[in-house]
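Next comes upload_22.pdb, with PDB, C-alpha atoms, pLDDT in the B column.
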ATOM      1  CA  MET A  14     -10.523  -6.491  20.686  1.00 56.00           C
ATOM      2  CA  ARG A  15     -10.367  -6.223  24.466  1.00 62.00           C
ATOM      3  CA  LEU A  16      -7.018  -6.243  26.230  1.00 64.00           C
ATOM      4  CA  SER A  17      -6.459  -6.901  29.900  1.00 68.00           C
ATOM      5  CA  GLY A  18      -3.957  -6.092  32.607  1.00 70.00           C
ATOM      6  CA  ARG A  19      -1.046  -3.927  31.541  1.00 71.00           C
ATOM      7  CA  THR A  20      -1.301  -4.795  27.838  1.00 76.00           C
ATOM      8  CA  VAL A  21      -1.226  -1.873  25.423  1.00 71.00           C
ATOM      9  CA  ALA A  22      -2.146  -1.899  21.741  1.00 76.00           C
ATOM     10  CA  ILE A  23      -0.599   0.761  19.511  1.00 76.00           C
ATOM     11  CA  LYS A  24      -3.242   1.625  16.939  1.00 79.00           C
ATOM     12  CA  ALA A  25      -1.561   4.641  15.366  1.00 80.00           C
ATOM     13  CA  THR A  26       1.705   6.563  15.505  1.00 78.00           C
ATOM     14  CA  PRO A  27       2.842   9.951  14.202  1.00 74.00           C
ATOM     15  CA  ALA A  28       3.501   9.752  10.474  1.00 77.00           C
ATOM     16  CA  ASP A  29       7.177  10.584  10.804  1.00 74.00           C
ATOM     17  CA  LEU A  30       7.853   8.095  13.637  1.00 74.00           C
ATOM     18  CA  PRO A  31       9.449   4.898  12.351  1.00 77.00           C
ATOM     19  CA  ALA A  32       7.464   1.850  13.453  1.00 75.00           C
ATOM     20  CA  SER A  33      10.598   0.421  15.035  1.00 76.00           C
ATOM     21  CA  GLU A  34      10.717   3.391  17.441  1.00 79.00           C
ATOM     22  CA  ALA A  35       7.026   3.403  18.418  1.00 79.00           C
ATOM     23  CA  ARG A  36       7.377   0.642  20.998  1.00 79.00           C
ATOM     24  CA  ASN A  37      10.440   2.226  22.615  1.00 79.00           C
ATOM     25  CA  MET A  38       8.812   5.648  22.764  1.00 78.00           C
ATOM     26  CA  LEU A  39       5.644   4.242  24.331  1.00 78.00           C
ATOM     27  CA  ALA A  40       7.669   2.248  26.870  1.00 79.00           C
ATOM     28  CA  GLU A  41       9.638   5.339  27.866  1.00 75.00           C
ATOM     29  CA  ILE A  42       6.479   7.420  28.269  1.00 74.00           C
ATOM     30  CA  LEU A  43       4.784   4.740  30.345  1.00 74.00           C
ATOM     31  CA  GLU A  44       7.866   4.333  32.555  1.00 75.00           C
ATOM     32  CA  THR A  45       7.920   8.071  33.178  1.00 69.00           C
ATOM     33  CA  VAL A  46       4.234   8.100  34.005  1.00 67.00           C
ATOM     34  CA  ASP A  47       4.562   5.061  36.261  1.00 69.00           C
ATOM     35  CA  ALA A  48       7.606   6.380  38.123  1.00 61.00           C
ATOM     36  CA  GLU A  49       6.703  10.040  38.503  1.00 61.00           C
ATOM     37  CA  LYS A  50       3.013  10.565  38.098  1.00 61.00           C
ATOM     38  CA  LYS A  51       1.203   8.085  40.334  1.00 64.00           C
ATOM     39  CA  GLY A  52      -1.902   9.764  41.660  1.00 62.00           C
ATOM     40  CA  SER A  53      -1.684  12.736  39.270  1.00 63.00           C
ATOM     41  CA  ALA A  54      -4.853  14.244  37.916  1.00 68.00           C
ATOM     42  CA  ARG A  55      -5.893  12.958  34.506  1.00 68.00           C
ATOM     43  CA  LYS A  56      -5.368  16.366  32.835  1.00 73.00           C
ATOM     44  CA  ALA A  57      -1.863  16.719  34.320  1.00 76.00           C
ATOM     45  CA  LEU A  58      -1.037  13.202  33.171  1.00 74.00           C
ATOM     46  CA  ARG A  59      -2.305  13.974  29.665  1.00 77.00           C
ATOM     47  CA  ASP A  60      -0.217  17.182  29.587  1.00 78.00           C
ATOM     48  CA  ASP A  61       2.895  15.281  30.694  1.00 76.00           C
ATOM     49  CA  ILE A  62       2.398  12.653  27.989  1.00 76.00           C
ATOM     50  CA  ALA A  63       1.866  15.376  25.360  1.00 78.00           C
ATOM     51  CA  ALA A  64       5.072  17.091  26.514  1.00 76.00           C
ATOM     52  CA  SER A  65       7.005  13.823  26.206  1.00 75.00           C
ATOM     53  CA  LEU A  66       5.640  13.216  22.722  1.00 75.00           C
ATOM     54  CA  ALA A  67       6.554  16.758  21.696  1.00 76.00           C
ATOM     55  CA  CYS A  68      10.119  16.332  22.933  1.00 74.00           C
ATOM     56  CA  HIS A  69      10.501  13.017  21.100  1.00 70.00           C
ATOM     57  CA  ALA A  70       9.326  14.668  17.886  1.00 70.00           C
ATOM     58  CA  ALA A  71      11.604  17.686  18.351  1.00 76.00           C
ATOM     59  CA  ILE A  72      14.484  18.510  16.074  1.00 79.00           C
ATOM     60  CA  LYS A  73      17.645  17.184  17.663  1.00 79.00           C
ATOM     61  CA  VAL A  74      21.134  18.670  18.022  1.00 81.00           C
ATOM     62  CA  ASN A  75      23.164  18.706  14.792  1.00 86.00           C
ATOM     63  CA  MET A  76      20.129  17.927  12.614  1.00 86.00           C
ATOM     64  CA  PRO A  77      20.732  19.810   9.348  1.00 90.00           C
ATOM     65  CA  LEU A  78      18.027  22.337   8.472  1.00 90.00           C
ATOM     66  CA  ALA A  79      17.501  24.588   5.492  1.00 92.00           C
ATOM     67  CA  PRO A  80      17.400  28.339   6.292  1.00 94.00           C
ATOM     68  CA  GLU A  81      13.693  28.431   5.347  1.00 94.00           C
ATOM     69  CA  LYS A  82      12.920  25.694   7.876  1.00 91.00           C
ATOM     70  CA  MET A  83      14.901  27.557  10.558  1.00 91.00           C
ATOM     71  CA  ARG A  84      12.935  30.760   9.936  1.00 93.00           C
ATOM     72  CA  TRP A  85       9.641  28.828   9.949  1.00 92.00           C
ATOM     73  CA  LEU A  86      10.524  27.172  13.280  1.00 89.00           C
ATOM     74  CA  ILE A  87      11.476  30.464  14.915  1.00 91.00           C
ATOM     75  CA  ASP A  88       8.300  32.139  13.641  1.00 93.00           C
ATOM     76  CA  ARG A  89       6.193  29.282  15.031  1.00 90.00           C
ATOM     77  CA  LEU A  90       8.106  29.304  18.322  1.00 89.00           C
ATOM     78  CA  LEU A  91       7.556  33.022  18.833  1.00 91.00           C
ATOM     79  CA  ASN A  92       3.802  32.561  18.305  1.00 92.00           C
ATOM     80  CA  THR A  93       3.465  30.051  21.163  1.00 88.00           C
ATOM     81  CA  SER A  94       2.292  30.890  24.671  1.00 89.00           C
ATOM     82  CA  SER A  95       5.717  29.951  26.121  1.00 88.00           C
ATOM     83  CA  PRO A  96       8.366  30.699  23.496  1.00 91.00           C
ATOM     84  CA  THR A  97      11.276  30.561  25.928  1.00 91.00           C
ATOM     85  CA  THR A  98      10.775  26.991  27.186  1.00 89.00           C
ATOM     86  CA  CYS A  99      10.153  23.481  25.901  1.00 82.00           C
ATOM     87  CA  PRO A 100       6.960  21.652  26.997  1.00 77.00           C
ATOM     88  CA  HIS A 101       8.849  20.364  30.069  1.00 76.00           C
ATOM     89  CA  GLY A 102       9.868  23.894  31.074  1.00 83.00           C
ATOM     90  CA  ARG A 103      13.506  23.712  30.038  1.00 86.00           C
ATOM     91  CA  PRO A 104      14.873  26.865  28.357  1.00 91.00           C
ATOM     92  CA  VAL A 105      15.134  26.998  24.562  1.00 86.00           C
ATOM     93  CA  ILE A 106      16.186  30.656  24.435  1.00 86.00           C
ATOM     94  CA  LEU A 107      18.925  32.153  26.564  1.00 89.00           C
ATOM     95  CA  ARG A 108      19.734  35.803  27.091  1.00 90.00           C
ATOM     96  CA  LEU A 109      23.453  36.437  27.284  1.00 92.00           C
ATOM     97  CA  ALA A 110      25.110  39.745  27.965  1.00 95.00           C
ATOM     98  CA  THR A 111      27.708  40.855  25.422  1.00 96.00           C
ATOM     99  CA  ARG A 112      30.264  40.710  28.230  1.00 95.00           C
ATOM    100  CA  ASP A 113      29.469  37.007  28.838  1.00 94.00           C
ATOM    101  CA  ILE A 114      29.855  36.217  25.145  1.00 94.00           C
ATOM    102  CA  LEU A 115      33.176  38.066  24.946  1.00 95.00           C
ATOM    103  CA  ARG A 116      34.380  36.286  28.076  1.00 94.00           C
ATOM    104  CA  GLY A 117      33.332  32.923  26.581  1.00 93.00           C
ATOM    105  CA  PHE A 118      35.539  33.605  23.547  1.00 94.00           C
ATOM    106  CA  HIS A 119      38.390  34.817  25.760  1.00 93.00           C
ATOM    107  CA  ARG A 120      38.197  38.363  24.376  1.00 92.00           C
ATOM    108  CA  ILE A 121      38.207  40.010  27.809  1.00 89.00           C
TER     109      ILE A 121
END
Go ahead and express the file in the form of structure tokens.
Amino acid sequence: MRLSGRTVAIKATPADLPASEARNMLAEILETVDAEKKGSARKALRDDIAASLACHAAIKVNMPLAPEKMRWLIDRLLNTSSPTTCPHGRPVILRLATRDILRGFHRI
């Protein structure tokens, strides 16, 4: 089937993405691409879309995880080329001095 204009057909989604969220996720990705990436090289655009998909699939705050899953995630993270940042470059690991931690808990 041939589509025209700005029509998009979703032929497949990640297995763990509910069908009800596929449209919203695609719309958000396309809005980001449209707003920020006009004129970008095809490879850069593909990398940006992959980063967005990775962030959507990421484990979210307060999501309960078994200890085994936590260890597996950390092991996988440490084997990546950039273990300290998410695909968008935001930090996922922070280094805090003991003094900063003590100050945060009002111990000094």
Mind running region 53-100 of chain A against region 37-45 of chain A at 8 Å and telling me each contacting residue's nearest atom pair with the distance in Å (one decimal), counting all atoms listed in the file, chain and number ascending, as CSV?
residue,atom,partner,partner_atom,distance
A:Ile62,CA,A:Ile42,CA,6.6
A:Ser65,CA,A:Ile42,CA,6.7
A:His69,CA,A:Met38,CA,7.7
Next item on the list: Please evaluate the PyMOL selection byres ((chain A and resi 106) around 12) against the displayed coordinates and give the resulting residues as a PyMOL selection string.
Entry: chain A and resi 87+90-91+95-99+102-105+107-109
Checklist line | Who sits within 10 Å of Pro27 (chain A), only C-alpha atoms, same chain under 5 positions skipped, as a ChimeraX atom specification | finding: /A:32,35,66,70
Note to self: Please report the interatomic distance between CA of Glu81 (chain A) and CA of Thr93 (chain A) in Å with one decimal.
What the structure shows: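 Atom-to-atom, CA of Glu81 (chain A) and CA of Thr93 (chain A) are spaced 18.9 Å apart.
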Check: Please, what distance in Å, to one decimal, runs between CA of Ser94 (chain A) and CA of Ala57 (chain A)?
Finding: 17.6 Å
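As for CA of Asn75 (chain A) and CA of His119 (chain A), they are spaced 24.7 Å apart.
Across A:Leu58, A:His101, A:Asp29, A:Phe118, the tightest approach to Ile72 (chain A) is made by A:Asp29 when counting all atoms listed in the file.
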Next item on the list: Find the residue from A:Asn92, A:Thr20, A:Pro31, A:Leu86 that sits nearest to Ala71 (chain A); use all atoms listed in the file when measuring.
Entry: A:Leu86
To test the calculation: enclose all listed atoms of region 77-95 of chain A in a box whose edges run along x, y and z, add 5 Å on each side, then state centre and edge lengths in Å to one decimal, as lines of an AutoDock Vina configuration file.
center_x = 11.5
center_y = 26.4
center_z = 15.7
size_x = 28.4
size_y = 23.2
size_z = 30.8
